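Visitor: Below is the file query_28.csv, which contains CSV, C-alpha atoms.
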chain,number,residue,atom,x,y,z
A,1,MET,CA,-84.1,-123.7,-24.8
A,2,ARG,CA,-87.1,-125.5,-26.5
A,3,ALA,CA,-89.5,-127.3,-24.3
A,4,ARG,CA,-92.2,-129.7,-25.5
A,5,ILE,CA,-95.3,-130.5,-23.5
A,6,PRO,CA,-97.2,-133.5,-24.7
A,7,PHE,CA,-100.9,-133.1,-23.9
A,8,ASP,CA,-103.7,-135.6,-24.2
A,9,ALA,CA,-106.6,-133.4,-25.3
A,10,THR,CA,-108.7,-136.4,-26.5
A,11,THR,CA,-109.4,-138.5,-23.4
A,12,PRO,CA,-107.5,-136.7,-20.6
A,13,LYS,CA,-107.1,-138.1,-17.1
A,14,ARG,CA,-109.4,-141.2,-17.5
A,15,ARG,CA,-108.3,-142.6,-14.1
A,16,LEU,CA,-110.0,-139.6,-12.4
A,17,GLY,CA,-113.3,-140.8,-13.9
A,18,SER,CA,-114.6,-141.9,-10.5
A,19,VAL,CA,-114.5,-138.3,-9.2
A,20,LEU,CA,-114.7,-136.1,-12.3
A,21,SER,CA,-117.0,-136.1,-15.4
A,22,ALA,CA,-115.4,-136.2,-18.8
A,23,SER,CA,-115.9,-132.5,-19.3
A,24,GLU,CA,-114.5,-131.8,-15.8
A,25,ARG,CA,-111.5,-133.9,-16.6
A,26,ALA,CA,-110.8,-131.9,-19.7
A,27,ASP,CA,-111.1,-128.6,-17.7
A,28,PHE,CA,-108.8,-129.8,-14.9
A,29,ALA,CA,-106.3,-131.1,-17.4
A,30,ILE,CA,-106.1,-127.6,-18.9
A,31,ALA,CA,-105.8,-126.1,-15.4
A,32,MET,CA,-102.8,-128.3,-14.8
A,33,LEU,CA,-101.3,-127.5,-18.2
A,34,ARG,CA,-101.6,-123.8,-17.3
A,35,ASP,CA,-99.7,-124.3,-14.1
A,36,VAL,CA,-96.9,-126.0,-16.1
A,37,LEU,CA,-96.8,-123.1,-18.5
A,38,GLN,CA,-96.9,-120.6,-15.7
A,39,ALA,CA,-93.9,-122.3,-14.1
A,40,MET,CA,-92.0,-122.0,-17.4
A,41,ALA,CA,-92.8,-118.4,-17.9
A,42,PRO,CA,-89.9,-116.9,-15.9
A,43,THR,CA,-87.4,-119.5,-17.2
A,44,GLU,CA,-85.6,-119.6,-20.5
A,45,LEU,CA,-87.6,-122.5,-21.7
A,46,GLU,CA,-89.7,-121.9,-24.8
A,47,PRO,CA,-92.7,-124.2,-24.6
A,48,THR,CA,-94.8,-125.7,-27.4
A,49,VAL,CA,-97.7,-127.9,-26.4
A,50,ILE,CA,-98.0,-131.0,-28.5
A,51,ALA,CA,-101.7,-131.9,-28.3
A,52,THR,CA,-103.4,-135.0,-29.6
A,53,GLU,CA,-106.1,-132.7,-31.0
A,54,GLU,CA,-107.0,-129.0,-30.7
A,55,PRO,CA,-108.0,-128.3,-27.1
A,56,GLU,CA,-111.2,-126.4,-26.4
A,57,ALA,CA,-109.4,-123.8,-24.3
A,58,THR,CA,-106.6,-121.5,-25.2
A,59,VAL,CA,-103.3,-121.4,-23.3
A,60,SER,CA,-100.4,-119.1,-23.2
A,61,ALA,CA,-98.2,-121.2,-25.5
A,62,PRO,CA,-98.3,-122.3,-29.1
A,63,ILE,CA,-100.1,-125.6,-29.7
A,64,ARG,CA,-99.2,-128.1,-32.3
A,65,VAL,CA,-101.6,-130.9,-33.0
A,66,ASP,CA,-100.0,-134.3,-33.4
A,67,ASP,CA,-102.0,-137.4,-32.8
A,68,ARG,CA,-99.2,-139.9,-33.0
A,69,PRO,CA,-98.1,-141.9,-29.9
A,70,LEU,CA,-96.0,-140.2,-27.3
A,71,ASP,CA,-92.8,-141.9,-28.2
A,72,ALA,CA,-93.0,-140.8,-31.9
A,73,VAL,CA,-93.7,-137.2,-30.8
A,74,VAL,CA,-90.8,-137.0,-28.5
A,75,GLU,CA,-88.4,-138.8,-30.9
A,76,ASP,CA,-89.2,-136.1,-33.5
A,77,ALA,CA,-88.6,-133.4,-30.9
A,78,ILE,CA,-85.1,-134.8,-30.2
A,79,GLU,CA,-84.3,-135.3,-33.9
A,80,GLU,CA,-85.5,-131.8,-34.6
A,81,ARG,CA,-82.9,-130.1,-32.4
A,82,THR,CA,-81.2,-130.6,-29.0
A,83,PRO,CA,-81.1,-129.6,-26.2
A,84,VAL,CA,-84.8,-130.0,-25.7
A,85,ALA,CA,-86.8,-130.4,-22.5
A,86,VAL,CA,-89.8,-132.7,-22.5
A,87,VAL,CA,-92.2,-132.0,-19.6
A,88,MET,CA,-95.5,-133.7,-18.9
A,89,ALA,CA,-98.6,-131.6,-18.7
A,90,ASP,CA,-100.0,-133.2,-15.5
A,91,LEU,CA,-97.4,-131.8,-13.1
A,92,PRO,CA,-99.3,-129.1,-11.3
A,93,LEU,CA,-96.8,-129.0,-8.4
A,94,ILE,CA,-94.0,-127.7,-10.7
A,95,GLU,CA,-92.3,-124.5,-9.9
A,96,PRO,CA,-89.7,-122.4,-11.8
A,97,GLU,CA,-87.1,-123.7,-9.4
A,98,SER,CA,-87.9,-127.3,-10.3
A,99,LEU,CA,-87.2,-126.4,-14.0
A,100,ALA,CA,-84.1,-124.4,-13.0
A,101,ARG,CA,-82.7,-127.5,-11.2
A,102,LEU,CA,-83.5,-129.7,-14.2
A,103,GLN,CA,-81.5,-127.3,-16.4
A,104,ALA,CA,-78.7,-127.1,-13.9
A,105,THR,CA,-78.2,-130.8,-13.7
A,106,ALA,CA,-75.3,-132.3,-15.7
A,107,GLY,CA,-75.7,-135.2,-18.1
A,108,ASP,CA,-76.3,-136.0,-21.7
A,109,VAL,CA,-79.8,-136.8,-20.6
A,110,VAL,CA,-81.3,-135.6,-17.3
A,111,LEU,CA,-84.3,-137.6,-16.0
A,112,ALA,CA,-86.9,-136.6,-13.5
A,113,PRO,CA,-88.4,-139.9,-12.1
A,114,GLY,CA,-92.2,-139.9,-11.6
A,115,ARG,CA,-94.2,-142.0,-9.2
A,116,GLY,CA,-94.8,-145.5,-10.3
A,117,GLY,CA,-91.8,-145.8,-12.6
A,118,GLY,CA,-92.6,-142.9,-15.0
A,119,THR,CA,-90.4,-140.3,-16.5
A,120,ASN,CA,-92.1,-137.0,-15.8
A,121,ALA,CA,-89.6,-134.6,-17.3
A,122,MET,CA,-86.3,-134.9,-19.2
A,123,LEU,CA,-83.8,-132.7,-20.7
A,124,VAL,CA,-82.1,-134.3,-23.7
A,125,ARG,CA,-78.8,-132.8,-24.8
A,126,THR,CA,-77.8,-135.2,-27.5
A,127,ASP,CA,-79.8,-136.7,-30.4
A,128,SER,CA,-78.3,-140.1,-29.8
A,129,PHE,CA,-80.8,-140.7,-27.0
A,130,SER,CA,-84.2,-142.2,-27.7
A,131,VAL,CA,-87.3,-142.7,-25.6
A,132,ASP,CA,-89.6,-145.5,-24.5
A,133,TYR,CA,-92.5,-144.3,-22.4
A,134,HIS,CA,-94.2,-147.7,-22.0
A,135,GLY,CA,-94.0,-149.7,-18.8
A,136,ALA,CA,-91.4,-148.6,-16.2
A,137,SER,CA,-90.0,-145.9,-18.4
A,138,ILE,CA,-87.5,-144.5,-15.9
A,139,ARG,CA,-85.7,-147.9,-16.0
A,140,ASP,CA,-85.9,-148.1,-19.7
A,141,HIS,CA,-84.5,-144.6,-20.1
A,142,ARG,CA,-81.6,-145.4,-17.8
A,143,ARG,CA,-80.9,-148.6,-19.8
A,144,ILE,CA,-81.1,-146.9,-23.2
A,145,ALA,CA,-78.7,-144.2,-22.0
A,146,GLY,CA,-76.4,-146.8,-20.7
A,147,GLU,CA,-76.4,-148.8,-23.9
A,148,ARG,CA,-75.3,-145.7,-25.8
A,149,ALA,CA,-72.7,-144.7,-23.2
A,150,LEU,CA,-74.5,-141.5,-22.4
A,151,GLU,CA,-74.1,-139.8,-19.1
A,152,VAL,CA,-77.4,-139.8,-17.1
A,153,GLY,CA,-78.3,-137.1,-14.6
A,154,GLU,CA,-81.3,-137.5,-12.3
A,155,ILE,CA,-83.1,-134.8,-10.5
A,156,ASP,CA,-84.6,-135.6,-7.1
A,157,SER,CA,-87.8,-133.6,-7.1
A,158,PHE,CA,-91.1,-134.3,-5.4
A,159,ARG,CA,-92.7,-131.6,-7.5
A,160,LEU,CA,-91.5,-133.0,-10.8
A,161,GLY,CA,-92.1,-136.6,-9.5
A,162,THR,CA,-95.8,-136.0,-8.7
A,163,ASP,CA,-98.0,-136.5,-11.8
A,164,VAL,CA,-101.7,-136.5,-11.2
A,165,ASP,CA,-103.5,-139.6,-12.4
A,166,GLU,CA,-105.7,-140.9,-9.7
A,167,PRO,CA,-108.1,-139.5,-7.0
A,168,ALA,CA,-105.5,-140.2,-4.3
A,169,ASP,CA,-103.2,-137.7,-6.1
A,170,LEU,CA,-105.5,-134.8,-5.6
A,171,ILE,CA,-104.4,-134.2,-2.1
A,172,GLU,CA,-100.9,-133.4,-3.4
A,173,VAL,CA,-102.5,-130.7,-5.6
A,174,LEU,CA,-104.5,-129.2,-2.8
A,175,LEU,CA,-101.5,-129.1,-0.5
A,176,HIS,CA,-98.7,-128.2,-2.9
A,177,GLY,CA,-100.2,-127.3,-6.3
A,178,GLY,CA,-100.0,-124.3,-8.6
A,179,PRO,CA,-102.7,-121.6,-8.6
A,180,HIS,CA,-104.8,-122.8,-11.6
A,181,SER,CA,-105.1,-126.4,-10.4
A,182,VAL,CA,-105.8,-125.5,-6.8
A,183,ALA,CA,-108.4,-122.9,-7.7
A,184,TRP,CA,-110.1,-125.4,-10.1
A,185,LEU,CA,-110.3,-128.1,-7.5
A,186,ARG,CA,-111.6,-125.8,-4.8
A,187,GLU,CA,-114.2,-124.3,-7.1
A,188,ALA,CA,-115.3,-127.9,-7.9
A,189,GLY,CA,-115.8,-128.5,-4.2
A,190,PHE,CA,-112.7,-130.6,-3.3
A,191,ARG,CA,-111.5,-130.3,0.3
A,192,ILE,CA,-108.9,-132.0,2.5
A,193,GLU,CA,-110.6,-134.0,5.2
A,194,THR,CA,-108.6,-135.0,8.2
A,195,THR,CA,-111.2,-136.2,10.6
A,196,ALA,CA,-110.4,-139.9,10.1
A,197,GLY,CA,-106.7,-139.4,11.0
A,198,ARG,CA,-105.0,-139.9,7.7
A,199,PRO,CA,-105.9,-137.0,5.4
A,200,THR,CA,-108.1,-137.7,2.4
A,201,VAL,CA,-109.8,-135.5,-0.2
A,202,THR,CA,-113.6,-135.3,-0.3
A,203,ARG,CA,-115.9,-133.4,-2.7
A,204,VAL,CA,-118.4,-131.1,-1.1
A,205,PRO,CA,-121.6,-130.9,-3.2
A,206,PRO,CA,-121.9,-127.5,-5.0
A,207,GLU,CA,-125.1,-126.5,-3.2
A,208,SER,CA,-123.4,-126.6,0.2
A,209,THR,CA,-120.1,-124.8,-0.7
B,1,MET,CA,-75.7,-132.4,14.2
B,2,ARG,CA,-78.0,-134.6,16.1
B,3,ALA,CA,-80.6,-136.7,14.2
B,4,ARG,CA,-83.5,-138.6,15.6
B,5,ILE,CA,-85.1,-141.4,13.8
B,6,PRO,CA,-88.5,-142.5,15.2
B,7,PHE,CA,-89.0,-146.2,14.7
B,8,ASP,CA,-92.2,-148.2,15.2
B,9,ALA,CA,-90.8,-151.6,16.4
B,10,THR,CA,-94.1,-152.7,17.8
B,11,THR,CA,-96.5,-153.0,14.9
B,12,PRO,CA,-94.4,-151.7,11.9
B,13,LYS,CA,-95.9,-151.2,8.5
B,14,ARG,CA,-99.4,-152.5,9.1
B,15,ARG,CA,-100.7,-151.3,5.8
B,16,LEU,CA,-98.3,-153.8,4.1
B,17,GLY,CA,-100.3,-156.6,5.7
B,18,SER,CA,-101.8,-157.7,2.5
B,19,VAL,CA,-98.4,-158.6,1.0
B,20,LEU,CA,-96.1,-159.3,4.0
B,21,SER,CA,-96.6,-161.3,7.2
B,22,ALA,CA,-96.0,-159.6,10.6
B,23,SER,CA,-92.5,-161.0,10.9
B,24,GLU,CA,-91.7,-160.0,7.3
B,25,ARG,CA,-92.9,-156.5,8.0
B,26,ALA,CA,-90.6,-156.3,11.0
B,27,ASP,CA,-87.7,-157.4,8.9
B,28,PHE,CA,-88.5,-155.1,6.0
B,29,ALA,CA,-88.8,-152.2,8.4
B,30,ILE,CA,-85.3,-152.9,9.7
B,31,ALA,CA,-84.0,-153.0,6.2
B,32,MET,CA,-85.5,-149.6,5.5
B,33,LEU,CA,-84.0,-148.2,8.7
B,34,ARG,CA,-80.6,-149.6,7.7
B,35,ASP,CA,-80.8,-147.7,4.4
B,36,VAL,CA,-81.7,-144.5,6.3
B,37,LEU,CA,-78.7,-145.0,8.6
B,38,GLN,CA,-76.4,-145.9,5.7
B,39,ALA,CA,-77.4,-142.6,4.0
B,40,MET,CA,-76.5,-140.7,7.1
B,41,ALA,CA,-73.1,-142.4,7.6
B,42,PRO,CA,-71.1,-140.1,5.3
B,43,THR,CA,-72.9,-137.0,6.6
B,44,GLU,CA,-72.3,-135.0,9.7
B,45,LEU,CA,-75.6,-136.2,11.2
B,46,GLU,CA,-75.3,-138.3,14.4
B,47,PRO,CA,-78.3,-140.5,14.5
B,48,THR,CA,-80.2,-142.0,17.4
B,49,VAL,CA,-83.0,-144.3,16.7
B,50,ILE,CA,-86.0,-143.7,19.0
B,51,ALA,CA,-87.8,-147.0,19.0
B,52,THR,CA,-91.2,-147.9,20.6
B,53,GLU,CA,-89.6,-151.0,22.0
B,54,GLU,CA,-86.3,-152.8,21.6
B,55,PRO,CA,-86.0,-154.1,18.0
B,56,GLU,CA,-85.1,-157.7,17.5
B,57,ALA,CA,-82.3,-156.8,15.1
B,58,THR,CA,-79.3,-154.6,15.8
B,59,VAL,CA,-78.5,-151.6,13.7
B,60,SER,CA,-75.5,-149.3,13.3
B,61,ALA,CA,-76.8,-146.5,15.6
B,62,PRO,CA,-77.7,-146.2,19.2
B,63,ILE,CA,-81.3,-147.1,20.0
B,64,ARG,CA,-83.3,-145.4,22.7
B,65,VAL,CA,-86.6,-147.0,23.7
B,66,ASP,CA,-89.5,-144.5,24.2
B,67,ASP,CA,-93.0,-145.7,23.7
B,68,ARG,CA,-94.7,-142.3,23.9
B,69,PRO,CA,-96.5,-140.9,20.9
B,70,LEU,CA,-94.5,-139.5,18.1
B,71,ASP,CA,-95.3,-135.8,18.9
B,72,ALA,CA,-94.0,-136.2,22.5
B,73,VAL,CA,-90.8,-137.9,21.3
B,74,VAL,CA,-90.0,-135.2,18.8
B,75,GLU,CA,-91.0,-132.4,21.2
B,76,ASP,CA,-88.4,-133.7,23.6
B,77,ALA,CA,-85.8,-133.9,21.0
B,78,ILE,CA,-86.4,-130.2,20.1
B,79,GLU,CA,-86.3,-129.1,23.7
B,80,GLU,CA,-83.2,-131.1,24.4
B,81,ARG,CA,-81.1,-129.2,21.9
B,82,THR,CA,-81.3,-127.6,18.5
B,83,PRO,CA,-80.5,-127.9,15.7
B,84,VAL,CA,-81.9,-131.4,15.4
B,85,ALA,CA,-82.9,-133.4,12.3
B,86,VAL,CA,-85.9,-135.7,12.6
B,87,VAL,CA,-86.0,-138.2,9.8
B,88,MET,CA,-88.6,-141.0,9.4
B,89,ALA,CA,-87.4,-144.6,9.3
B,90,ASP,CA,-89.4,-145.6,6.3
B,91,LEU,CA,-87.5,-143.6,3.6
B,92,PRO,CA,-85.5,-146.2,1.8
B,93,LEU,CA,-84.9,-143.9,-1.2
B,94,ILE,CA,-82.9,-141.5,0.9
B,95,GLU,CA,-79.3,-140.7,-0.2
B,96,PRO,CA,-76.6,-138.7,1.5
B,97,GLU,CA,-77.3,-135.9,-1.1
B,98,SER,CA,-80.9,-135.7,0.1
B,99,LEU,CA,-79.7,-135.1,3.6
B,100,ALA,CA,-77.0,-132.6,2.5
B,101,ARG,CA,-79.7,-130.6,0.7
B,102,LEU,CA,-81.9,-130.7,3.8
B,103,GLN,CA,-79.0,-129.3,5.8
B,104,ALA,CA,-78.1,-126.7,3.1
B,105,THR,CA,-81.7,-125.3,3.0
B,106,ALA,CA,-82.2,-122.0,4.9
B,107,GLY,CA,-85.0,-121.6,7.5
B,108,ASP,CA,-85.7,-121.8,11.2
B,109,VAL,CA,-87.5,-125.0,10.2
B,110,VAL,CA,-86.8,-127.0,7.1
B,111,LEU,CA,-89.6,-129.3,6.0
B,112,ALA,CA,-89.5,-132.3,3.6
B,113,PRO,CA,-93.1,-132.9,2.5
B,114,GLY,CA,-94.1,-136.5,2.2
B,115,ARG,CA,-96.8,-138.1,0.0
B,116,GLY,CA,-100.3,-137.7,1.3
B,117,GLY,CA,-99.6,-134.7,3.4
B,118,GLY,CA,-97.0,-136.1,5.7
B,119,THR,CA,-93.7,-134.5,6.9
B,120,ASN,CA,-91.1,-137.1,6.2
B,121,ALA,CA,-88.0,-135.2,7.5
B,122,MET,CA,-87.4,-131.9,9.2
B,123,LEU,CA,-84.5,-129.9,10.4
B,124,VAL,CA,-85.4,-127.7,13.4
B,125,ARG,CA,-83.0,-124.9,14.2
B,126,THR,CA,-85.0,-123.2,17.0
B,127,ASP,CA,-86.7,-124.6,20.1
B,128,SER,CA,-89.7,-122.2,19.6
B,129,PHE,CA,-91.1,-124.7,16.9
B,130,SER,CA,-93.3,-127.5,17.9
B,131,VAL,CA,-94.8,-130.5,16.0
B,132,ASP,CA,-98.1,-132.0,15.2
B,133,TYR,CA,-97.8,-135.2,13.1
B,134,HIS,CA,-101.5,-136.0,13.0
B,135,GLY,CA,-103.6,-135.4,9.9
B,136,ALA,CA,-102.0,-133.4,7.1
B,137,SER,CA,-98.9,-132.6,9.1
B,138,ILE,CA,-97.1,-130.6,6.5
B,139,ARG,CA,-99.9,-128.1,6.5
B,140,ASP,CA,-100.0,-128.0,10.3
B,141,HIS,CA,-96.2,-127.6,10.5
B,142,ARG,CA,-96.4,-124.7,8.0
B,143,ARG,CA,-99.1,-123.1,10.1
B,144,ILE,CA,-97.3,-123.6,13.4
B,145,ALA,CA,-94.2,-122.0,12.0
B,146,GLY,CA,-96.3,-119.1,10.6
B,147,GLU,CA,-98.0,-118.5,13.9
B,148,ARG,CA,-94.6,-118.2,15.6
B,149,ALA,CA,-93.1,-116.0,12.9
B,150,LEU,CA,-90.5,-118.6,12.0
B,151,GLU,CA,-88.9,-118.8,8.6
B,152,VAL,CA,-89.9,-122.1,6.8
B,153,GLY,CA,-87.7,-123.7,4.3
B,154,GLU,CA,-89.0,-126.6,2.2
B,155,ILE,CA,-86.9,-129.2,0.4
B,156,ASP,CA,-88.3,-130.5,-2.9
B,157,SER,CA,-87.2,-134.1,-2.8
B,158,PHE,CA,-88.8,-137.2,-4.3
B,159,ARG,CA,-86.4,-139.4,-2.2
B,160,LEU,CA,-87.4,-137.7,1.1
B,161,GLY,CA,-91.0,-137.5,0.0
B,162,THR,CA,-91.4,-141.2,-0.6
B,163,ASP,CA,-92.3,-143.0,2.5
B,164,VAL,CA,-93.3,-146.7,2.2
B,165,ASP,CA,-96.6,-147.5,3.6
B,166,GLU,CA,-98.7,-149.5,1.1
B,167,PRO,CA,-98.1,-152.2,-1.5
B,168,ALA,CA,-98.2,-149.6,-4.3
B,169,ASP,CA,-95.2,-148.0,-2.8
B,170,LEU,CA,-93.0,-151.0,-3.2
B,171,ILE,CA,-92.3,-150.2,-6.9
B,172,GLU,CA,-90.5,-147.0,-5.8
B,173,VAL,CA,-88.3,-149.1,-3.6
B,174,LEU,CA,-87.4,-151.6,-6.3
B,175,LEU,CA,-86.7,-148.8,-8.8
B,176,HIS,CA,-84.9,-146.2,-6.6
B,177,GLY,CA,-84.3,-147.8,-3.2
B,178,GLY,CA,-81.3,-148.3,-1.0
B,179,PRO,CA,-79.4,-151.6,-1.0
B,180,HIS,CA,-80.8,-153.1,2.2
B,181,SER,CA,-84.4,-152.6,1.2
B,182,VAL,CA,-84.0,-153.6,-2.4
B,183,ALA,CA,-82.1,-156.8,-1.5
B,184,TRP,CA,-84.7,-157.7,1.1
B,185,LEU,CA,-87.6,-157.3,-1.4
B,186,ARG,CA,-85.8,-159.2,-4.1
B,187,GLU,CA,-84.9,-162.0,-1.7
B,188,ALA,CA,-88.6,-162.1,-0.7
B,189,GLY,CA,-89.6,-162.6,-4.4
B,190,PHE,CA,-90.8,-159.1,-5.3
B,191,ARG,CA,-90.4,-158.2,-8.9
B,192,ILE,CA,-91.6,-155.4,-11.2
B,193,GLU,CA,-94.1,-156.6,-13.7
B,194,THR,CA,-94.7,-154.5,-16.9
B,195,THR,CA,-96.7,-156.9,-19.1
B,196,ALA,CA,-100.0,-155.1,-18.4
B,197,GLY,CA,-98.7,-151.7,-19.5
B,198,ARG,CA,-98.6,-149.8,-16.3
B,199,PRO,CA,-95.8,-151.3,-14.1
B,200,THR,CA,-96.8,-153.1,-10.9
B,201,VAL,CA,-95.1,-155.2,-8.3
B,202,THR,CA,-95.8,-158.9,-8.0
B,203,ARG,CA,-94.4,-161.5,-5.6
B,204,VAL,CA,-92.9,-164.6,-7.1
B,205,PRO,CA,-93.4,-167.7,-4.9
B,206,PRO,CA,-90.1,-168.7,-3.3
B,207,GLU,CA,-90.0,-172.1,-4.9
B,208,SER,CA,-89.9,-170.6,-8.4
B,209,THR,CA,-87.3,-167.8,-7.7
Represent the structure from my file as structure tokens, please.
Guide:
Amino acid sequence: MRARIPFDATTPKRRLGSVLSASERADFAIAMLRDVLQAMAPTELEPTVIATEEPEATVSAPIRVDDRPLDAVVEDAIEERTPVAVVMADLPLIEPESLARLQATAGDVVLAPGRGGGTNAMLVRTDSFSVDYHGASIRDHRRIAGERALEVGEIDSFRLGTDVDEPADLIEVLLHGGPHSVAWLREAGFRIETTAGRPTVTRVPPEST
Amino acid sequence: MRARIPFDATTPKRRLGSVLSASERADFAIAMLRDVLQAMAPTELEPTVIATEEPEATVSAPIRVDDRPLDAVVEDAIEERTPVAVVMADLPLIEPESLARLQATAGDVVLAPGRGGGTNAMLVRTDSFSVDYHGASIRDHRRIAGERALEVGEIDSFRLGTDVDEPADLIEVLLHGGPHSVAWLREAGFRIETTAGRPTVTRVPPEST
């Protein structure tokens, strides 16, 4: 089955700007993408990365450059052929089992809700569905499917639900993430700190690591 | 199977203090507890709420008052008899299916990771396990099980992983929560706002609802 992974290679992970430089954000975004691709490797999903521009690093999947908005890119993927899986690139907690569960879930459309109202992954089995990633997209996707009398499946997954946007999300990566993202963060000096009770993530300066 | 639901009836949900008064926090905590109990109703779990003091409202399960720290309360539950499920009271996204998956997962101990390093639910099948809810508890629980050569199962669930602590968590309740919690929030004037792009939750003053 085809899988499409939209990837912002232009200004990736801006909301991590308080803890990572622009070049670090680009590197970390690639590390997360590599974890997504690694989770797909043992599955029957055949990934293509749809990048807003050519990334500086190579990855283990074909890259197609398309700088149009996310909705247009995904609409095209659905019109091109179904079934198709659309999986975000910032899901470093993803595992082959998460994807197997996505594929095993019944429905004309299978949605994986993300934190904050997003839709982090979907499997579209009919071209009569269409997408709207703006705002609370999970609600809009439920509504669009309902209006078109499509059966909606939802997958209840912490791993698919955890996209990494903000510094507070980094603890999820350090605790549960894939090898590329965890190694990148540790190399950059990020550690879990529990002295204050509630665990947080701190960055150890390189000279003291 | 026995289930224990620890419940802070004394100072519940302090971190919601910027959006809810103390009495509202107490009411909302009860609404979330009711959603947890409702999700258990069709399962074979037999819940007892372990409350730090007698709550002001009644719920559909027996309440035992025990004001000791969480670790001591859960240790006692494990020593009393296994298997036992320990499910937090602030998981309003929980569904009967989430609990069925918890029970269907193999392992001497089955852990449901929560956001920020917590352990939101667990199923303990052997009394040689013990708990440590301080700090990044999911990591400590993995370690404790490892030290005792216990098999650990983990359940990948957005619904079990989403505990409600902070104002930013309320959007998850409005989008995916159980009936008691959603009704309480809506009655209190909370709405999802998407005008600024990324969805947020705002509170509409009562006079204009």
Visitor: Hey, could you make a per-residue contact list for chain B against chain A with 9 Å as the cut-off, showing the nearest pair of atoms and its distance in Å to one decimal, counting only C-alpha atoms, sorted by chain and number, as a Markdown table?
Guide:
| residue | atom | partner | partner_atom | distance |
| --- | --- | --- | --- | --- |
| B:Ser98 | CA | A:Asp156 | CA | 8.1 |
| B:Pro113 | CA | A:Phe158 | CA | 8.3 |
| B:Gly114 | CA | A:Phe158 | CA | 8.5 |
| B:Arg115 | CA | A:Glu172 | CA | 7.1 |
| B:Gly116 | CA | A:Ile171 | CA | 6.4 |
| B:Gly117 | CA | A:Pro199 | CA | 7.0 |
| B:Gly118 | CA | A:Pro199 | CA | 9.0 |
| B:His134 | CA | A:Gly197 | CA | 6.5 |
| B:Gly135 | CA | A:Gly197 | CA | 5.2 |
| B:Ala136 | CA | A:Pro199 | CA | 5.6 |
| B:Ile138 | CA | A:Leu175 | CA | 8.4 |
| B:Arg139 | CA | A:Leu175 | CA | 7.2 |
| B:Ile155 | CA | A:Ser157 | CA | 8.7 |
| B:Asp156 | CA | A:Ser157 | CA | 5.2 |
| B:Ser157 | CA | A:Ser157 | CA | 4.4 |
| B:Phe158 | CA | A:Phe158 | CA | 3.9 |
| B:Arg159 | CA | A:Asp156 | CA | 6.5 |
| B:Leu160 | CA | A:Phe158 | CA | 8.2 |
| B:Gly161 | CA | A:Phe158 | CA | 6.3 |
| B:Thr162 | CA | A:Phe158 | CA | 8.4 |
| B:Ala168 | CA | A:Gly116 | CA | 8.0 |
| B:Asp169 | CA | A:Gly116 | CA | 7.9 |
| B:Ile171 | CA | A:Gly116 | CA | 6.3 |
| B:Glu172 | CA | A:Gly116 | CA | 6.4 |
| B:Leu175 | CA | A:Gly117 | CA | 7.0 |
| B:Ile192 | CA | A:Ala136 | CA | 8.4 |
| B:Glu193 | CA | A:Gly135 | CA | 8.6 |
| B:Thr194 | CA | A:Gly135 | CA | 5.2 |
| B:Thr195 | CA | A:Gly135 | CA | 7.7 |
| B:Ala196 | CA | A:Gly135 | CA | 8.1 |
| B:Gly197 | CA | A:Gly135 | CA | 5.2 |
| B:Arg198 | CA | A:Gly135 | CA | 5.2 |
| B:Pro199 | CA | A:Gly135 | CA | 5.3 |
| B:Thr200 | CA | A:Gly116 | CA | 7.9 |
Visitor: Considering all atoms listed in the file, can you say which of B:Thr82, B:Ser23, B:Ser128, B:Asn120 comes closest to B:Pro6?
Guide: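 The closest residue to B:Pro6 is B:Asn120.
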Visitor: So which one's closest to A:Val59, A:Ala31, A:Val173, A:Ala39, A:Leu45? Using only C-alpha atoms, please.
Guide: A:Ala31
Visitor: Could you please determine the separation between atom CA of A:Pro47 and atom CA of A:Ala149 in Å, to one decimal place?
Guide: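 Atom-to-atom, atom CA of A:Pro47 and atom CA of A:Ala149 are spaced 28.7 Å apart.
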Visitor: Name the closest residue to A:Pro12 among the candidates A:Val164, A:Val204, A:Ile78, A:Ala104; distances are taken between atoms, counting only C-alpha atoms.
Guide: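 Selected residue with least distance to A:Pro12: A:Val164.
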Visitor: Compile the contact shell of A:Glu95 as a ChimeraX atom specification: residues with an atom at most 10 Å away, counting all atoms listed in the file, same-chain residues fewer than 6 positions apart removed.
Guide: /A:35-40,42,159-160,177-178
Visitor: Counting all atoms listed in the file, what is within 7 Å of A:Val124, bar same-chain residues fewer than 4 positions away, as a ChimeraX atom specification?
Guide: /A:82-85,108-110
Visitor: Mind giving me the straight-line distance from atom CA of B:Leu123 to atom CA of B:Leu111 in Å, one decimal?
Guide: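 Computed distance, atom CA of B:Leu123 to atom CA of B:Leu111, equals 6.8 Å.
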Visitor: May I ask for the distance between atom CA of B:Phe7 and atom CA of B:Ile144, given in Å to one decimal place?
Guide: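 We find that atom CA of B:Phe7 and atom CA of B:Ile144 lie 24.1 Å from each other.
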Visitor: With a distance cut-off of 12 Å and only C-alpha atoms, select the neighbouring residues of B:Lys13, excluding the residue or stretch itself and same-chain residues fewer than 2 positions from it, and output the selection as a PyMOL selection string.
Guide: chain B and resi 7-11+15-30+32+89-90+163-167+169
Visitor: Hey, what's within 9 Å of B:Val74 if we count all atoms listed in the file and toss same-chain stuff fewer than 2 positions away? As a PyMOL selection string, please?
Guide: chain B and resi 4+6+69-72+76-79+86+130-131
Visitor: If we count all atoms listed in the file, what is near A:Val65 at a cut-off of 6 Å, once residues fewer than 5 positions away on the same chain are taken out, given as a list of chain:residue names?
Guide: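 Contacts, with the query itself left out: A:Ile50, A:Ala51, A:Thr52, A:Glu53.
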